[in-house]
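Each remark here refers to the structure printed beneath this line.
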Amino acid sequence: MKQKHWAIFTANTSHTKDFINNLLEGYLPEGFDELKDKEGALLSKLAVERFIDIEDRHEAKIITSNSDQSLKSMSSGEQKKALLKHILSSNPDFIVLDNPFDNLDTTSQEDLKITLQKVSEHTPIVQLLSRKTDLLPFANTFAKLEGKDLFFHESVSSLSDNTLKDHFQGDIPKPINSYKIDEETLIALKNVGVSYSQRPILHDINWTIKKGEFWELRGRNGSGKTTILSMITGENPKGYGQELYIFGRKKGTGESVWEIKKRIGYFTPSMTDKFTGYHSVSHMIISGLNDSIGLYIQPTEAQLRLSKEWLKLIGLWEMKEELFHDLSMGQKRLIMCARAMIKHPPLLILDEPTAGLDDDSAALFVALVNKFATQSDTTVIFVSHRKEPGLEAEYIYQLEKSDIGSTGRVLTT
Ligand SMILES: Nc1ncnc2c1ncn2[C@@H]1O[C@H](COP(=O)(O)OP(=O)(O)OP(=O)(O)O)[C@@H](O)[C@H]1O
């Protein structure tokens with residue numbers, strides 16, 4: 001009999017985590033009899049985080065035993081590859097893949113496809129996917145997870161519904177107080193180099209970012225994207241002593257990390273997915289004005305008015321009193337993005353912001369970013385391995401890996 005492989009399409013309202021736990025714990029939904037009494041392994045961002053946690057707590061190396069580096073210090077793509085290697089070496093009876101291509105560069109995505117094709121000859125695979133282009137070619141059983149319920153479909157074509165609507169009617173709300181930045185050049189890196197334990201990571205990086213520009217930062221896994229961003233935000237001490245200028249000042253000339261952070265909006269999905277506090281949707285947006293997650297003081301009239309304008313723009317005004325906690329993943333992402341935008345920071349960094357979103361929600365998210373980049377003075381840096389259709393970045397900063405560290409060049413779109 002032909003090996004069965006499942007492709008489960010998820011949307012942002014799908015109860016993906018419960019579904020995966022049930023599969024791995026043997027509470028099999030109908031249609032998965034082939035996995036009865038079998039031991040499965042999970043490749044997902046959450047599984048990586050669990051291993052980081054275990055390695056941290058026990059000071060042990062489980063999936064990185066043949067590397068000097070801790071799992072935590074690896075780049076997100078490297079972590080995923082290390083986990084895959086660990087899974088394959090433990091020969092599980094079946095493998096569950098939760099959006100396996102997220103965080104991987106295009107070459108690594110192709111390599112993973114080839115590996116999985118081979119694995120699929122002897123091991124059943126369950127792929128959960130939110131983007132249609134990610135479908136593995138050998139999948140032969142298709143279903144959609146709607147909330148908790150699974151609906152099987154004969155083919156992929158019967159799964160698609162092209163009903164994308166543009167929710168963003170209206171303009172980006174103006175901030176209550178605006179930042180005054182006199183310099184035209186917001187960020188400048190001049191001949192910046194970084195090494196870790198004598199391993200060169202970045203070489204001679206020259207990158208000038210001006211006020212109001214919209215950039216995409218690209219590069220393969222481990223090429224140093226996060227390293228550059230963390231030097232800019234002040235989280236990485238490697239920026240000190242280098243020709244790195246932030247908001248017109250050379251790094252390390254007296255400004256505090258806090259002063260810099262106040263002027264940077266930052267969004268990455270793990271901020272949303274890990275957040276467990278119970279705050280209303282409206283208060284979550286307003287909290288972006290105070291640089292806190294969640295609101296702990298009574299908002300002013302002006303703040304409430306501003307949050308109303310944002311919620312109307314992103315189509316979530318009806319949900320203002322709902323708890324952030326109860327929203328779907330796509331809605332949470334829009335709220336967190338609006339929260340990062342609300343004060344029109346001079347710089348907004350979006351780090352793989354669409355990872356895990358379904359096609360429609362990703363397109364909606366991109367539409368919001370495009371609108372913000374056009375209608376505000378904020379400089380936007382968007383990092384992603386996916387070429388998001390419709391993203392209107394003006395410039396691309398491309399990192400190219402090499403033995404002496406990654407070098408960078410500017411491409412125009
Ligand atoms: N604290 C550290 N110690 C040792 N190596 C590190 C440390 N932090 C980062 N690195 C290494 O530096 C390189 C660049 O990592 P970085 O996270 O900047 O890459 P990236 O371009 O963001 O990758 P990805 O696309 O996979 O997220 C990687 O090889 C990573 O393993």
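Every chain in the structure tokens has a letter given in the order shown (A, B, ...), and although residue numbers restart at 1 in each chain, ligands are simply numbered from 1 in the order shown.
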Residues of segment 204-246 of chain A that approach segment 176-185 of chain A to 9 Å or less, counting only C-alpha atoms: could you list each one with the shortest pair of atoms and its distance in Å to one decimal, rows by chain and increasing residue number, as CSV?
residue,atom,partner,partner_atom,distance
A:Thr208,CA,A:Thr185,CA,6.9
A:Ile209,CA,A:Thr185,CA,6.0
A:Lys210,CA,A:Thr185,CA,4.3
A:Lys211,CA,A:Glu184,CA,5.5
A:Gly212,CA,A:Glu184,CA,9.0
A:Tyr245,CA,A:Thr185,CA,8.9
A:Ile246,CA,A:Thr185,CA,8.7
Could you turn the residues from that selection into a file that holds C-alpha atoms, as a PDB file, in the first residue's frame?
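Result written to selection.pdb:
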ATOM      1  CA  THR A 208      23.544  53.984   5.431  1.00  0.00           C
ATOM      2  CA  ILE A 209      19.866  54.225   6.282  1.00  0.00           C
ATOM      3  CA  LYS A 210      18.090  57.551   5.883  1.00  0.00           C
ATOM      4  CA  LYS A 211      14.991  59.000   7.461  1.00  0.00           C
ATOM      5  CA  GLY A 212      11.739  57.590   6.076  1.00  0.00           C
ATOM      6  CA  TYR A 245      26.049  55.756  14.206  1.00  0.00           C
ATOM      7  CA  ILE A 246      22.537  55.606  15.560  1.00  0.00           C
TER       8      ILE A 246
END
Problem set entry | Distance filter 8 Å around ligand 1, atoms: only C-alpha atoms and all ligand atoms, out as number ranges by chain | A: 69-70, 73-79, 103-105, 195-197, 199, 201, 218-228, 385
Since we have the selection now, will you write its residues out, keeping C-alpha atoms, as a PDB file, in the first residue's frame?
ATOM      1  CA  GLN A  69      27.928  26.373  20.091  1.00  0.00           C
ATOM      2  CA  SER A  70      24.865  26.344  22.331  1.00  0.00           C
ATOM      3  CA  SER A  73      23.260  31.227  20.388  1.00  0.00           C
ATOM      4  CA  MET A  74      22.556  29.728  16.955  1.00  0.00           C
ATOM      5  CA  SER A  75      20.604  31.670  14.356  1.00  0.00           C
ATOM      6  CA  SER A  76      16.959  30.663  13.950  1.00  0.00           C
ATOM      7  CA  GLY A  77      17.640  28.770  10.720  1.00  0.00           C
ATOM      8  CA  GLU A  78      20.616  26.953  12.254  1.00  0.00           C
ATOM      9  CA  GLN A  79      18.465  25.911  15.225  1.00  0.00           C
ATOM     10  CA  ASN A 103      12.913  30.829   9.147  1.00  0.00           C
ATOM     11  CA  LEU A 104      14.821  28.923   6.451  1.00  0.00           C
ATOM     12  CA  ASP A 105      16.548  30.659   3.558  1.00  0.00           C
ATOM     13  CA  SER A 195      33.452  37.710  14.973  1.00  0.00           C
ATOM     14  CA  TYR A 196      32.353  35.140  17.539  1.00  0.00           C
ATOM     15  CA  SER A 197      35.143  33.039  19.054  1.00  0.00           C
ATOM     16  CA  ARG A 199      34.757  32.954  13.615  1.00  0.00           C
ATOM     17  CA  ILE A 201      30.441  36.699  10.923  1.00  0.00           C
ATOM     18  CA  ARG A 218      18.015  39.737   3.240  1.00  0.00           C
ATOM     19  CA  GLY A 219      20.629  37.030   3.655  1.00  0.00           C
ATOM     20  CA  ARG A 220      21.004  33.318   4.156  1.00  0.00           C
ATOM     21  CA  ASN A 221      20.613  31.619   7.544  1.00  0.00           C
ATOM     22  CA  GLY A 222      23.482  32.623   9.784  1.00  0.00           C
ATOM     23  CA  SER A 223      24.571  35.499   7.521  1.00  0.00           C
ATOM     24  CA  GLY A 224      24.295  37.994  10.384  1.00  0.00           C
ATOM     25  CA  LYS A 225      20.934  39.757  10.002  1.00  0.00           C
ATOM     26  CA  THR A 226      19.996  39.432  13.665  1.00  0.00           C
ATOM     27  CA  THR A 227      23.542  40.397  14.653  1.00  0.00           C
ATOM     28  CA  ILE A 228      23.281  43.689  12.723  1.00  0.00           C
ATOM     29  CA  HIS A 385      13.221  34.858   3.947  1.00  0.00           C
TER      30      HIS A 385
END
Can you list, as a compact mmCIF listing (two decimals) with C-alpha atoms, in the first residue's frame, every protein, DNA or RNA residue that comes within 8 Å of segment 126-139 of chain A when you count only C-alpha atoms, leaving out same-chain residues fewer than 4 positions away?
# COMPACT_ATOMS: atom_id res chain seq x y z
CA LYS A 4 0.26 8.01 3.43
CA HIS A 5 1.44 11.61 3.95
CA TRP A 6 -0.86 14.30 5.24
CA ALA A 7 -0.95 18.01 4.40
CA ILE A 8 -3.03 19.88 6.97
CA PHE A 9 -3.81 23.46 5.97
CA THR A 10 -4.12 25.78 8.92
CA ALA A 11 -5.54 29.26 9.22
CA PHE A 94 6.42 9.43 11.92
CA ILE A 95 7.31 13.11 11.72
CA VAL A 96 5.10 16.14 12.29
CA LEU A 97 6.29 19.31 10.56
CA ASP A 98 4.78 22.60 11.67
CA ASN A 99 5.45 25.19 8.96
CA PRO A 100 8.85 23.62 8.29
CA PHE A 101 10.01 26.29 5.83
CA LYS A 113 12.53 19.42 0.45
CA GLN A 117 11.38 13.50 -0.14
CA SER A 120 8.97 10.11 2.94
CA GLY A 356 3.28 31.28 10.67
CA LEU A 357 0.58 33.51 9.19
CA ASP A 358 -1.73 32.12 6.54
CA ASP A 359 -1.71 33.63 3.03
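Using only C-alpha atoms, the residues found no farther than 8 Å from Thr13 of chain A, other than those of its own chain fewer than 3 positions away, are Thr10, Glu146, Gly147, Ser328, Met329 and Gly330 of chain A.
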Selected residues written out, C-alpha atoms, as an mmCIF file, in the first residue's frame:
data_model
loop_
_atom_site.group_PDB
_atom_site.id
_atom_site.type_symbol
_atom_site.label_atom_id
_atom_site.label_comp_id
_atom_site.auth_asym_id
_atom_site.auth_seq_id
_atom_site.Cartn_x
_atom_site.Cartn_y
_atom_site.Cartn_z
ATOM 1 C CA THR A 10 -4.120 25.785 8.916
ATOM 2 C CA GLU A 146 -10.832 24.870 11.164
ATOM 3 C CA GLY A 147 -10.786 25.693 14.863
ATOM 4 C CA SER A 328 -6.662 34.603 16.656
ATOM 5 C CA MET A 329 -2.973 34.597 15.770
ATOM 6 C CA GLY A 330 -3.459 36.881 12.760
#
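Comparing the minimum interatomic distances between Leu391 of chain A and each of A:Lys80, A:Gly252, A:Phe214, A:Arg305, counting only C-alpha atoms, we find that A:Phe214 sits nearest.
For the pair atom CA of Arg339 of chain A and atom CA of Ile285 of chain A, the separation is 4.5 Å.
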For this session: To one decimal in Å, tell me the separation between atom CA of Glu110 of chain A and atom CA of Lys85 of chain A.
Result: 15.6 Å
For this session: Could you give me the residues within segment 68-246 of chain A that DSSP places in helix (DSSP H, G or I), as an NGL selection string?
Result: :A and (76-89 or 106-119 or 132-134 or 157-159 or 225-233 or 237-239)
Please, which residues of segment 59-229 of chain A, numbered as in this document, come out strand (DSSP E) from DSSP, as a compact mmCIF listing (two decimals) with C-alpha atoms, in the first residue's frame?
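That gives us states-v1.txt:
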# COMPACT_ATOMS: atom_id res chain seq x y z
CA PHE A 94 6.42 9.43 11.92
CA ILE A 95 7.31 13.11 11.72
CA VAL A 96 5.10 16.14 12.29
CA LEU A 97 6.29 19.31 10.56
CA ASP A 98 4.78 22.60 11.67
CA ILE A 125 4.90 12.72 7.35
CA VAL A 126 2.25 15.10 8.64
CA GLN A 127 2.85 18.63 7.36
CA LEU A 128 0.97 21.54 8.89
CA LEU A 129 1.17 24.51 6.59
CA THR A 141 -4.03 13.29 1.90
CA PHE A 142 -5.35 16.82 2.33
CA ALA A 143 -7.30 18.40 5.15
CA LYS A 144 -8.06 21.78 6.63
CA LEU A 145 -8.02 22.46 10.36
CA GLU A 146 -10.83 24.87 11.16
CA ASP A 149 -12.25 20.43 13.54
CA LEU A 150 -10.53 18.67 10.71
CA PHE A 151 -12.15 18.54 7.28
CA PHE A 152 -10.70 16.24 4.64
CA HIS A 153 -10.61 17.37 1.01
CA THR A 185 20.98 59.82 8.13
CA LEU A 186 19.33 57.72 10.79
CA ILE A 187 21.73 54.78 10.99
CA ALA A 188 25.21 54.37 9.52
CA LEU A 189 27.52 51.36 9.71
CA LYS A 190 31.02 52.03 8.43
CA ASN A 191 33.41 49.12 7.89
CA VAL A 192 31.74 47.20 10.70
CA GLY A 193 33.06 43.71 11.42
CA VAL A 194 31.96 41.06 13.93
CA SER A 195 33.45 37.71 14.97
CA TYR A 196 32.35 35.14 17.54
CA ARG A 199 34.76 32.95 13.62
CA PRO A 200 34.14 35.91 11.31
CA ILE A 201 30.44 36.70 10.92
CA LEU A 202 30.31 40.18 9.36
CA HIS A 203 33.01 41.78 7.24
CA ASP A 204 33.36 45.41 6.31
CA ILE A 205 29.69 46.27 6.46
CA ASN A 206 28.80 49.68 5.05
CA TRP A 207 25.14 50.54 5.25
CA THR A 208 23.54 53.98 5.43
CA ILE A 209 19.87 54.22 6.28
CA LYS A 210 18.09 57.55 5.88
CA PHE A 214 11.75 51.39 3.58
CA TRP A 215 14.36 48.59 3.59
CA GLU A 216 14.28 44.86 3.30
CA LEU A 217 17.20 43.04 4.93
CA ARG A 218 18.02 39.74 3.24
CA GLY A 219 20.63 37.03 3.65
Problem set entry | Between atom CA of His15 of chain A and atom CA of Leu83 of chain A - distance in Å to one decimal | 23.4 Å
Exercise. From the list A:Glu121, A:Glu25, A:Glu49, A:Glu213, which residue is nearest Ser376 of chain A when using only C-alpha atoms?
Worked result: A:Glu213
Excluding Lys38 of chain A and any residue of its chain fewer than 4 positions from it, enumerate the residues within 9 Å of it, using only C-alpha atoms, and give them as a PDB file with C-alpha atoms, in the first residue's frame.
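Generated file (selection26.pdb):
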ATOM      1  CA  LEU A  24       2.088  12.988  19.356  1.00  0.00           C
ATOM      2  CA  GLY A  26      -1.658   9.100  20.563  1.00  0.00           C
ATOM      3  CA  GLU A  34      -1.880   4.459  10.365  1.00  0.00           C
ATOM      4  CA  PRO A  92      10.926   8.259  14.605  1.00  0.00           C
ATOM      5  CA  ASP A  93       7.911   6.252  13.325  1.00  0.00           C
ATOM      6  CA  PHE A  94       6.422   9.429  11.916  1.00  0.00           C
TER       7      PHE A  94
END
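Of the residues listed (A:Gln303, A:Thr268, A:Ser402, A:Ser280), A:Thr268 shows the shortest atom-to-atom separation from Glu352 of chain A; distances use only C-alpha atoms.
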